[in-house]
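Next comes upload-v4.csv, a file with CSV, C-alpha atoms and all ligand atoms.
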```csv
chain,number,residue,atom,x,y,z
A,1,MET,CA,66.2,145.3,163.7
A,2,ARG,CA,66.7,146.9,167.1
A,3,ARG,CA,66.2,150.7,167.3
A,4,SER,CA,66.6,153.3,170.1
A,5,GLN,CA,63.3,155.1,170.4
A,6,ILE,CA,62.9,158.5,172.0
A,7,VAL,CA,60.1,157.8,174.4
A,8,GLY,CA,60.3,160.9,176.7
A,9,CYS,CA,61.9,164.4,176.8
A,10,GLY,CA,62.4,166.8,179.7
A,11,SER,CA,64.3,169.9,180.5
A,12,TYR,CA,65.1,172.3,183.3
A,13,LEU,CA,66.3,175.9,183.4
A,14,PRO,CA,67.4,177.8,186.5
A,15,GLU,CA,65.0,180.4,187.6
A,16,ARG,CA,67.3,183.4,187.4
A,17,ILE,CA,67.3,185.2,184.0
A,18,VAL,CA,70.2,187.6,183.1
A,19,THR,CA,69.4,190.0,180.3
A,20,ASN,CA,71.9,191.5,177.9
A,21,ASP,CA,71.2,194.9,179.5
A,22,GLU,CA,72.3,193.5,182.8
A,23,LEU,CA,75.6,192.3,181.3
A,24,ALA,CA,76.1,195.7,179.7
A,25,LYS,CA,76.4,197.1,183.2
A,26,ARG,CA,79.3,194.7,184.0
A,27,VAL,CA,81.3,194.7,180.7
A,28,ASP,CA,81.7,197.0,177.7
A,29,THR,CA,78.9,195.5,175.6
A,30,SER,CA,75.3,196.2,174.5
A,31,ASP,CA,72.0,194.4,173.9
A,32,GLU,CA,72.3,195.6,170.3
A,33,TRP,CA,75.7,194.0,169.7
A,34,ILE,CA,74.9,190.7,171.4
A,35,ALA,CA,71.5,190.3,169.7
A,36,GLU,CA,72.8,191.3,166.3
A,37,ARG,CA,75.9,189.1,166.4
A,38,THR,CA,74.5,186.1,168.2
A,39,GLY,CA,70.7,186.2,168.4
A,40,ILE,CA,71.0,186.0,172.2
A,41,ARG,CA,68.7,188.2,174.4
A,42,GLN,CA,69.0,186.5,177.8
A,43,ARG,CA,70.3,183.5,179.5
A,44,HIS,CA,69.5,181.5,182.7
A,45,VAL,CA,72.0,181.3,185.5
A,46,ALA,CA,72.1,178.7,188.3
A,47,ALA,CA,71.6,179.9,191.8
A,48,GLU,CA,74.3,179.6,194.5
A,49,GLY,CA,74.3,176.0,195.6
A,50,GLU,CA,72.5,174.8,192.5
A,51,PHE,CA,74.8,172.4,190.6
A,52,THR,CA,74.9,170.7,187.3
A,53,SER,CA,73.6,167.5,188.9
A,54,HIS,CA,70.6,169.4,190.3
A,55,LEU,CA,69.7,170.7,186.9
A,56,ALA,CA,70.3,167.3,185.3
A,57,THR,CA,68.1,165.5,187.9
A,58,ARG,CA,65.1,167.9,187.3
A,59,ALA,CA,65.4,167.4,183.5
A,60,ALA,CA,65.7,163.6,184.0
A,61,GLU,CA,62.6,163.4,186.2
A,62,ARG,CA,60.6,165.3,183.6
A,63,ALA,CA,61.8,163.0,180.8
A,64,LEU,CA,61.0,159.9,182.8
A,65,ALA,CA,57.5,161.3,183.7
A,66,ALA,CA,56.9,162.0,179.9
A,67,ALA,CA,58.0,158.4,179.1
A,68,ASN,CA,55.8,157.1,181.9
A,69,LEU,CA,58.5,154.7,183.0
A,70,PRO,CA,59.6,153.8,186.5
A,71,ILE,CA,63.2,154.3,187.6
A,72,SER,CA,63.4,150.6,188.1
A,73,ASP,CA,63.3,150.2,184.2
A,74,LEU,CA,66.5,152.3,183.8
A,75,ASP,CA,69.7,150.4,182.8
A,76,LEU,CA,71.9,153.3,181.9
A,77,ILE,CA,72.6,157.0,182.5
A,78,VAL,CA,74.9,158.8,180.1
A,79,LEU,CA,75.4,162.4,181.0
A,80,ALA,CA,77.2,164.9,178.8
A,81,THR,CA,78.8,167.8,180.6
A,82,ALA,CA,81.9,170.0,180.7
A,83,THR,CA,80.9,171.4,184.0
A,84,PRO,CA,80.7,168.4,186.4
A,85,ASP,CA,79.9,169.0,190.1
A,86,GLU,CA,83.3,167.6,191.1
A,87,THR,CA,86.4,166.3,189.4
A,88,PHE,CA,85.1,162.9,190.3
A,89,PRO,CA,82.9,160.9,190.6
A,90,ALA,CA,80.9,161.3,187.4
A,91,THR,CA,78.0,163.7,187.8
A,92,ALA,CA,75.9,160.9,186.3
A,93,THR,CA,76.3,159.0,189.5
A,94,ARG,CA,75.0,162.0,191.5
A,95,VAL,CA,71.9,161.9,189.3
A,96,GLN,CA,71.6,158.1,189.7
A,97,GLN,CA,71.6,158.6,193.5
A,98,ALA,CA,69.1,161.5,193.3
A,99,LEU,CA,66.7,159.5,191.2
A,100,GLY,CA,67.0,156.5,193.5
A,101,MET,CA,68.4,154.2,190.8
A,102,THR,CA,70.4,151.5,192.5
A,103,ARG,CA,71.4,149.2,189.6
A,104,GLY,CA,72.8,149.6,186.1
A,105,ALA,CA,75.5,152.0,185.2
A,106,ALA,CA,75.9,155.8,185.1
A,107,PHE,CA,78.8,157.7,183.6
A,108,ASP,CA,79.7,161.0,182.0
A,109,VAL,CA,80.7,161.8,178.5
A,110,GLY,CA,82.9,164.9,177.7
A,111,ALA,CA,82.6,166.4,174.3
A,112,VAL,CA,81.6,169.9,175.4
A,113,CYS,CA,79.0,171.5,173.1
A,114,SER,CA,78.7,168.2,171.1
A,115,GLY,CA,78.3,166.3,174.3
A,116,PHE,CA,74.6,165.4,173.9
A,117,ILE,CA,75.2,164.0,170.4
A,118,TYR,CA,78.1,162.0,171.7
A,119,ALA,CA,76.0,160.7,174.7
A,120,MET,CA,73.2,159.8,172.3
A,121,ALA,CA,75.6,157.9,170.1
A,122,VAL,CA,77.0,156.0,173.1
A,123,ALA,CA,73.6,155.1,174.5
A,124,ASP,CA,72.2,154.2,171.1
A,125,ASN,CA,75.0,151.7,170.6
A,126,PHE,CA,74.4,150.1,174.1
A,127,LEU,CA,70.7,149.7,173.1
A,128,LYS,CA,71.4,148.4,169.6
A,129,CYS,CA,73.8,145.8,170.8
A,130,GLY,CA,71.4,144.6,173.5
A,131,GLN,CA,73.6,145.6,176.5
A,132,ALA,CA,70.8,147.9,177.8
A,133,LYS,CA,67.1,148.3,177.1
A,134,THR,CA,66.3,151.7,178.6
A,135,ALA,CA,68.7,154.6,178.9
A,136,LEU,CA,68.6,158.2,180.1
A,137,VAL,CA,70.7,160.6,178.1
A,138,ILE,CA,71.3,163.9,179.6
A,139,GLY,CA,73.0,167.2,178.6
A,140,ALA,CA,73.6,169.4,181.6
A,141,GLU,CA,75.8,172.4,182.2
A,142,THR,CA,76.6,175.3,184.6
A,143,PHE,CA,78.9,177.3,182.2
A,144,SER,CA,78.3,180.4,184.3
A,145,ARG,CA,80.8,178.8,186.8
A,146,ILE,CA,83.6,178.7,184.2
A,147,LEU,CA,83.2,182.1,182.6
A,148,ASP,CA,85.5,185.1,182.9
A,149,TRP,CA,82.8,187.7,183.8
A,150,THR,CA,85.3,190.5,182.7
A,151,ASP,CA,85.8,189.0,179.2
A,152,ARG,CA,83.0,190.4,177.0
A,153,SER,CA,84.0,188.2,174.1
A,154,THR,CA,82.9,185.0,176.0
A,155,CYS,CA,80.8,185.9,179.1
A,156,VAL,CA,77.8,187.1,177.0
A,157,LEU,CA,77.5,183.9,175.1
A,158,PHE,CA,76.7,181.1,177.6
A,159,GLY,CA,73.9,180.0,179.9
A,160,ASP,CA,73.0,177.2,182.3
A,161,GLY,CA,70.4,174.5,181.8
A,162,ALA,CA,69.7,170.8,181.3
A,163,GLY,CA,67.8,168.6,178.9
A,164,ALA,CA,67.2,164.8,178.9
A,165,VAL,CA,65.7,162.1,176.8
A,166,VAL,CA,64.7,158.5,177.6
A,167,LEU,CA,65.7,156.0,175.0
A,168,ARG,CA,64.1,152.6,174.9
A,169,ALA,CA,65.0,149.7,172.6
A,170,GLY,CA,62.3,148.7,170.2
A,171,GLU,CA,62.0,146.5,167.1
A,172,GLY,CA,61.3,147.6,163.5
A,173,VAL,CA,61.8,146.6,159.9
A,174,GLY,CA,65.0,148.6,159.8
A,175,ASP,CA,64.2,151.3,157.2
A,176,SER,CA,63.9,155.1,157.6
A,177,THR,CA,60.2,155.0,158.4
A,178,ASP,CA,60.8,153.0,161.6
A,179,ARG,CA,60.5,155.0,164.8
A,180,GLY,CA,63.9,155.6,166.5
A,181,ILE,CA,67.4,156.9,166.0
A,182,LEU,CA,68.3,156.2,162.4
A,183,THR,CA,71.9,157.1,162.7
A,184,THR,CA,74.5,159.0,164.8
A,185,LYS,CA,77.8,160.4,163.5
A,186,ILE,CA,80.5,161.8,165.7
A,187,HIS,CA,83.9,163.3,164.9
A,188,SER,CA,86.8,165.1,166.6
A,189,ASP,CA,90.0,166.8,165.6
A,190,GLY,CA,92.3,167.7,168.5
A,191,ARG,CA,94.4,170.0,166.4
A,192,HIS,CA,92.0,172.8,167.1
A,193,HIS,CA,92.3,172.7,170.9
A,194,ASP,CA,93.6,176.3,171.2
A,195,LEU,CA,90.6,177.9,169.5
A,196,LEU,CA,88.2,176.9,172.3
A,197,PHE,CA,89.1,175.6,175.7
A,198,ALA,CA,89.0,176.1,179.5
A,199,ASN,CA,92.4,177.2,180.7
A,200,GLY,CA,92.5,174.9,183.8
A,201,GLY,CA,91.9,171.4,185.0
A,202,PRO,CA,92.8,169.1,187.9
A,203,SER,CA,96.1,167.9,186.3
A,204,THR,CA,97.3,171.2,185.1
A,205,THR,CA,96.3,174.2,187.2
A,206,GLN,CA,94.2,172.4,189.9
A,207,THR,CA,91.4,174.9,189.1
A,208,ALA,CA,88.6,174.6,186.7
A,209,GLY,CA,89.8,177.5,184.5
A,210,VAL,CA,87.7,179.8,182.4
A,211,VAL,CA,86.5,179.7,178.8
A,212,LYS,CA,88.9,181.0,176.2
A,213,MET,CA,87.7,181.2,172.6
A,214,GLU,CA,88.8,182.6,169.2
A,215,GLY,CA,85.2,183.1,168.2
A,216,ARG,CA,85.6,184.1,164.5
A,217,LYS,CA,87.7,181.0,163.8
A,218,VAL,CA,85.3,178.7,165.6
A,219,PHE,CA,82.5,180.2,163.6
A,220,LYS,CA,84.1,179.4,160.3
A,221,HIS,CA,84.8,175.8,161.3
A,222,ALA,CA,81.3,175.3,162.7
A,223,ILE,CA,79.6,176.0,159.4
A,224,GLU,CA,82.0,173.7,157.5
A,225,LYS,CA,82.0,170.8,160.0
A,226,LEU,CA,78.2,170.9,160.5
A,227,THR,CA,77.5,170.9,156.8
A,228,GLU,CA,79.8,167.9,156.3
A,229,VAL,CA,78.3,165.8,159.1
A,230,VAL,CA,74.7,166.5,158.2
A,231,GLY,CA,75.5,165.4,154.6
A,232,GLU,CA,77.1,162.3,155.9
A,233,SER,CA,74.1,161.4,158.1
A,234,LEU,CA,71.5,161.9,155.4
A,235,ALA,CA,73.6,160.0,152.9
A,236,GLU,CA,73.9,157.0,155.3
A,237,VAL,CA,70.1,156.7,155.6
A,238,GLY,CA,69.5,157.6,152.0
A,239,LEU,CA,67.2,160.5,152.6
A,240,PRO,CA,67.2,164.0,151.0
A,241,ALA,CA,67.4,167.2,153.2
A,242,SER,CA,63.8,167.9,152.1
A,243,ALA,CA,62.7,164.8,154.2
A,244,ILE,CA,63.7,166.6,157.4
A,245,ASP,CA,60.7,167.9,159.4
A,246,TRP,CA,62.7,169.6,162.1
A,247,LEU,CA,66.2,170.8,162.5
A,248,VAL,CA,67.2,170.9,166.2
A,249,PRO,CA,70.6,172.4,166.2
A,250,HIS,CA,73.1,173.3,168.9
A,251,GLN,CA,72.3,176.8,169.9
A,252,ALA,CA,75.6,178.8,169.9
A,253,ASN,CA,74.8,181.5,167.4
A,254,ARG,CA,71.7,182.4,165.4
A,255,ARG,CA,73.9,183.1,162.4
A,256,ILE,CA,75.4,179.6,162.5
A,257,ILE,CA,71.9,178.0,162.8
A,258,ASP,CA,70.6,180.1,159.9
A,259,GLY,CA,73.6,179.2,157.8
A,260,ALA,CA,73.1,175.5,158.4
A,261,ALA,CA,69.3,175.7,157.6
A,262,GLN,CA,70.1,177.6,154.4
A,263,LYS,CA,72.5,174.9,153.2
A,264,LEU,CA,69.7,172.3,153.8
A,265,ALA,CA,67.2,174.6,152.1
A,266,LEU,CA,65.0,174.3,155.2
A,267,PRO,CA,62.6,177.2,155.9
A,268,PRO,CA,63.0,179.0,159.3
A,269,GLU,CA,59.6,177.6,160.5
A,270,ARG,CA,61.2,174.1,160.5
A,271,VAL,CA,64.1,175.1,162.7
A,272,VAL,CA,63.9,175.0,166.5
A,273,ILE,CA,65.4,178.2,168.0
A,274,THR,CA,66.1,178.7,171.7
A,275,VAL,CA,69.4,180.6,171.5
A,276,ASP,CA,67.5,183.9,172.0
A,277,ARG,CA,66.3,182.8,175.5
A,278,HIS,CA,68.8,180.2,176.6
A,279,ALA,CA,72.1,181.4,175.0
A,280,ASN,CA,74.7,178.7,174.5
A,281,THR,CA,74.1,176.0,177.1
A,282,SER,CA,76.8,173.7,175.6
A,283,ALA,CA,75.7,170.0,176.0
A,284,ALA,CA,72.3,171.0,177.2
A,285,SER,CA,71.3,173.1,174.2
A,286,VAL,CA,70.1,170.3,171.9
A,287,PRO,CA,68.0,168.4,174.4
A,288,LEU,CA,66.6,171.7,175.8
A,289,ALA,CA,65.4,172.7,172.3
A,290,LEU,CA,64.1,169.1,171.6
A,291,ALA,CA,62.1,169.1,174.8
A,292,GLU,CA,60.6,172.5,174.1
A,293,ALA,CA,59.5,171.6,170.6
A,294,VAL,CA,58.1,168.1,171.6
A,295,GLY,CA,56.4,169.7,174.7
A,296,ASP,CA,54.6,172.4,172.7
A,297,GLY,CA,53.5,169.9,170.0
A,298,ARG,CA,55.6,171.2,167.1
A,299,ILE,CA,57.5,167.9,166.9
A,300,ARG,CA,55.1,165.0,166.6
A,301,PRO,CA,55.3,161.2,166.3
A,302,GLY,CA,56.5,160.3,162.8
A,303,HIS,CA,58.5,163.5,162.3
A,304,LEU,CA,62.1,163.2,161.1
A,305,VAL,CA,64.4,165.2,163.4
A,306,LEU,CA,68.0,166.2,162.6
A,307,MET,CA,70.1,167.2,165.7
A,308,GLU,CA,73.6,168.5,165.2
A,309,ALA,CA,76.3,170.2,167.2
A,310,MET,CA,79.9,171.4,167.1
A,311,GLY,CA,82.2,172.4,170.0
A,312,SER,CA,85.5,172.5,171.7
A,313,GLY,CA,88.0,169.8,170.9
A,314,PHE,CA,87.0,170.3,168.1
A,315,THR,CA,84.1,167.8,168.4
A,316,TRP,CA,81.1,167.6,166.1
A,317,GLY,CA,78.3,165.3,165.3
A,318,ALA,CA,74.7,164.7,164.2
A,319,ALA,CA,71.8,162.4,165.0
A,320,LEU,CA,68.8,161.6,162.9
A,321,ALA,CA,65.7,160.3,164.6
A,322,ARG,CA,62.2,159.4,163.5
A,323,MET,CA,60.0,160.4,166.5
A,401,LIG,O1,79.4,176.3,171.2
A,401,LIG,C1,80.7,176.0,170.8
A,401,LIG,C2,81.0,176.6,169.5
A,401,LIG,N1,81.0,178.1,169.6
A,401,LIG,C3,80.6,178.8,168.6
A,401,LIG,O2,80.0,178.3,167.7
A,401,LIG,C4,80.9,180.3,168.7
A,401,LIG,C5,81.3,180.7,167.3
A,401,LIG,N2,81.6,182.1,167.2
A,401,LIG,C6,80.7,183.1,167.3
A,401,LIG,O3,79.5,182.9,167.6
A,401,LIG,C7,81.1,184.5,167.0
A,401,LIG,O4,82.4,184.5,166.4
A,401,LIG,C8,81.1,185.5,168.2
A,401,LIG,C9,79.6,185.7,168.6
A,401,LIG,C10,81.8,184.8,169.4
A,401,LIG,C11,81.7,186.8,167.9
A,401,LIG,O5,81.1,187.4,166.8
A,401,LIG,P1,81.9,188.0,165.6
A,401,LIG,O6,81.0,188.6,164.6
A,401,LIG,O7,82.8,186.8,165.1
A,401,LIG,O8,82.8,189.1,166.3
A,401,LIG,P2,84.4,189.2,166.4
A,401,LIG,O9,84.9,188.2,167.4
A,401,LIG,O10,85.0,189.2,165.1
A,401,LIG,O11,84.5,190.6,167.1
A,401,LIG,C12,84.1,191.8,166.4
A,401,LIG,C13,84.3,193.0,167.2
A,401,LIG,C14,85.7,193.1,167.9
A,401,LIG,O12,86.0,194.4,167.9
A,401,LIG,P3,87.1,195.0,166.8
A,401,LIG,O13,88.3,194.2,167.0
A,401,LIG,O14,86.4,194.8,165.5
A,401,LIG,O15,87.2,196.4,167.3
A,401,LIG,C15,85.4,192.6,169.3
A,401,LIG,O16,86.3,193.1,170.2
A,401,LIG,O17,83.4,193.0,168.3
A,401,LIG,C16,84.0,193.1,169.6
A,401,LIG,N3,83.3,192.4,170.6
A,401,LIG,C17,82.3,192.9,171.3
A,401,LIG,N4,81.7,194.1,171.3
A,401,LIG,C18,80.7,194.3,172.1
A,401,LIG,C19,83.5,191.1,171.0
A,401,LIG,N5,82.6,190.8,172.0
A,401,LIG,C20,81.9,191.9,172.1
A,401,LIG,C21,80.8,192.2,173.0
A,401,LIG,N6,80.2,193.4,172.9
A,401,LIG,N7,80.3,191.3,173.9
```
Just dump the structure as structure tokens.
Amino acid sequence: MRRSQIVGCGSYLPERIVTNDELAKRVDTSDEWIAERTGIRQRHVAAEGEFTSHLATRAAERALAAANLPISDLDLIVLATATPDETFPATATRVQQALGMTRGAAFDVGAVCSGFIYAMAVADNFLKCGQAKTALVIGAETFSRILDWTDRSTCVLFGDGAGAVVLRAGEGVGDSTDRGILTTKIHSDGRHHDLLFANGGPSTTQTAGVVKMEGRKVFKHAIEKLTEVVGESLAEVGLPASAIDWLVPHQANRRIIDGAAQKLALPPERVVITVDRHANTSAASVPLALAEAVGDGRIRPGHLVLMEAMGSGFTWGAALARM
């Protein structure tokens, strides 16, 4: 049975760090409020002239180096972003050009904070059905460009960054001990549009708009949807929550992450946390966290990793992978 194996991870964060104290000088907030309600202490912000494609390319180069694969092996780039360089073409094609990849296909996937899980699901299916052998899956964002920096309820929550994985098709016996992505589950429900959206776009306002969110309502849905999709994923592969070695969750709010871990009865030392340093980097948050924990040796070959995310749309999803 063909499986998509994660053979390399990489990430990139812009150099500039903005602390909560710095934000408290711009809007009526405090380090104490932000840290207590969200777990966030700082975020990275892209420099002027540094675009989503630049962050994505750096993360992709690192993932390819970790995989020890040449660009010529790549068949596919799937890039998840809600903050593309331009309205068109796809930011993935910018990355394709920057990497010097001159064949195959590159396109973007839009599912906001769930984007990386969606992109993994898309690439995994391409690999499983034999239409591609090697894929680069990227989550990259410059949310700092679509924030209302006078709105304290949103501007303190987000950051910029990128993460990438290289997936390669491999063969196995088809059970849960095989290396590779065991399952991906994605969902959406457009009825919740108004709870989290950017109030602009090429077809409506001809501007990118800024983030608008009813945080408390999103919070409630996040816990509910994540619990559901994690249960669905585990049931499909016939594994109990206790089999999970690492939870690599979307990093929106420490309280949401703790809630999800508690429901799975996972101790905090089996949860990868980056929200304190990265804040919410939307589609980049899961691959950034994955790359960090693989890079520092916490996540090792053979470990069972559960990735999950929920975001605007609403969209939500999970991916279970044996590393
Ligand atoms: O990644 C996509 C998915 N997104 C999420 O998962 C985000 C989910 N939501 C959340 O993480 C939380 O709801 C927030 C962090 C956004 C907000 O935390 P909360 O505990 O739900 O606070 P709240 O929105 O209920 O606001 C409580 C109070 C309000 O004041 P009043 O009305 O009680 O007087 C807000 O005006 O906190 C106030 N507030 C702030 N105070 C200081 C809101 N933002 C700030 C701020 N600094 N930055």
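The shortest atom-to-atom distance to ligand LIG 401 (chain A), with all atoms listed in the file taken into account, belongs to A:Ser282 out of A:Ser176, A:Ser4, A:Thr134, A:Ser282.
Inspection of the environment of ligand LIG 401 (chain A), which uses only C-alpha atoms and all ligand atoms and a cut-off of 7 Å, identifies the neighbouring residues as Asp28, Thr29, Ser30, Trp33, Ile34, Arg37, Thr38, Cys113, Arg152, Ser153, Thr154, Val156, Gly215, Arg216, Lys217, Val218, Phe219, Ala222, Ala252, Asn253, Asn280, Ser282, Met310, Gly311 and Ser312 of chain A.
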Do you have, as JSON lines, the list of residues of segment 183-266 of chain A lying at most 10 Å from segment 84-94 of chain A, each with its nearest atom pair and that distance in Å to one decimal, counting all atoms listed in the file and ordered by chain then number?
```
{"residue": "A:Gly201", "atom": "CA", "partner": "A:Thr87", "partner_atom": "CA", "distance": 8.7}
{"residue": "A:Pro202", "atom": "CA", "partner": "A:Thr87", "partner_atom": "CA", "distance": 7.1}
{"residue": "A:Gln206", "atom": "CA", "partner": "A:Thr87", "partner_atom": "CA", "distance": 9.9}
{"residue": "A:Thr207", "atom": "CA", "partner": "A:Thr87", "partner_atom": "CA", "distance": 10.0}
{"residue": "A:Ala208", "atom": "CA", "partner": "A:Thr87", "partner_atom": "CA", "distance": 9.0}
```
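Distance annotation: of A:Ala47, A:Ala106, A:Ala135, A:Ile186, the residue with the minimal separation from Tyr118 of chain A is A:Ile186; atom set is all atoms listed in the file.
Among A:Val109, A:Ala46, A:Val166, A:Leu182, the residue with the shortest atom-to-atom distance to Asn68 of chain A, counting only C-alpha atoms, is A:Val166.
You will find atom CA of Thr57 of chain A at 24.9 Å from atom CA of Arg298 of chain A.
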- Task: Just the residues within 9 Å of segment 146-148 of chain A, please, counting all atoms listed in the file, with nothing from its chain fewer than 5 positions along; format it as number ranges by chain.
- Result: A: 83, 154-155, 158, 198, 208-212
- Atom pair atom CA of Ile299 of chain A / atom CA of Tyr12 of chain A: separation (Å): 18.6 Å
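Coordinates place atom CA of Leu157 of chain A at a distance of 15.5 Å from atom CA of Lys25 of chain A.
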- Message: From (74.1, 157.9, 171.5), in the file's coordinates, out to 12 Å: which residues are reached, counting only C-alpha atoms? Answer as a PyMOL selection string.
- Response: chain A and resi 3-6+76-80+109+114-128+135-139+165-168+180-186+307+317-321
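Among the candidates A:Phe143, A:Phe314, A:Trp246, A:Phe51, the residue lying nearest to Leu290 of chain A is A:Trp246 (atoms considered: only C-alpha atoms).
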- May I have the residues within 9 Å of Ile273 of chain A as a PyMOL selection string, using all atoms listed in the file and disregarding those fewer than 2 positions away in the same chain? chain A and resi 248-249+251+254+257+271+275-277+289
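By chain and then residue number, the residues within 7 Å of Ala82 of chain A are A:Gly110, A:Val112, A:Glu141, counting all atoms listed in the file and disregarding those fewer than 3 positions away in sequence.
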- Task: Go through A:Gly190, A:Glu171, A:Asp75, A:Ala98 one by one, measure the shortest atom-to-atom distance of each to Gln131 of chain A using all atoms listed in the file, and give the residue with the smallest value.
- Result: A:Asp75
- Query: A:Cys9, A:Met323, A:Val27, A:Ala59: which is nearest Leu99 of chain A, counting only C-alpha atoms?
  - Reply: A:Ala59
List every protein, DNA or RNA residue that has at least one atom no more than 12 Å from (62.3, 166.5, 187.8) in the file's coordinates, counting all atoms listed in the file, and write the result as a compact mmCIF listing (two decimals) with C-alpha atoms, keeping the file's coordinate frame.
```txt
# COMPACT_ATOMS: atom_id res chain seq x y z
CA CYS A 9 61.90 164.40 176.80
CA GLY A 10 62.40 166.80 179.70
CA SER A 11 64.30 169.90 180.50
CA TYR A 12 65.10 172.30 183.30
CA LEU A 13 66.30 175.90 183.40
CA SER A 53 73.60 167.50 188.90
CA HIS A 54 70.60 169.40 190.30
CA LEU A 55 69.70 170.70 186.90
CA ALA A 56 70.30 167.30 185.30
CA THR A 57 68.10 165.50 187.90
CA ARG A 58 65.10 167.90 187.30
CA ALA A 59 65.40 167.40 183.50
CA ALA A 60 65.70 163.60 184.00
CA GLU A 61 62.60 163.40 186.20
CA ARG A 62 60.60 165.30 183.60
CA ALA A 63 61.80 163.00 180.80
CA LEU A 64 61.00 159.90 182.80
CA ALA A 65 57.50 161.30 183.70
CA ALA A 66 56.90 162.00 179.90
CA VAL A 95 71.90 161.90 189.30
CA ALA A 98 69.10 161.50 193.30
CA LEU A 99 66.70 159.50 191.20
CA ALA A 162 69.70 170.80 181.30
CA GLY A 163 67.80 168.60 178.90
CA ALA A 164 67.20 164.80 178.90
```
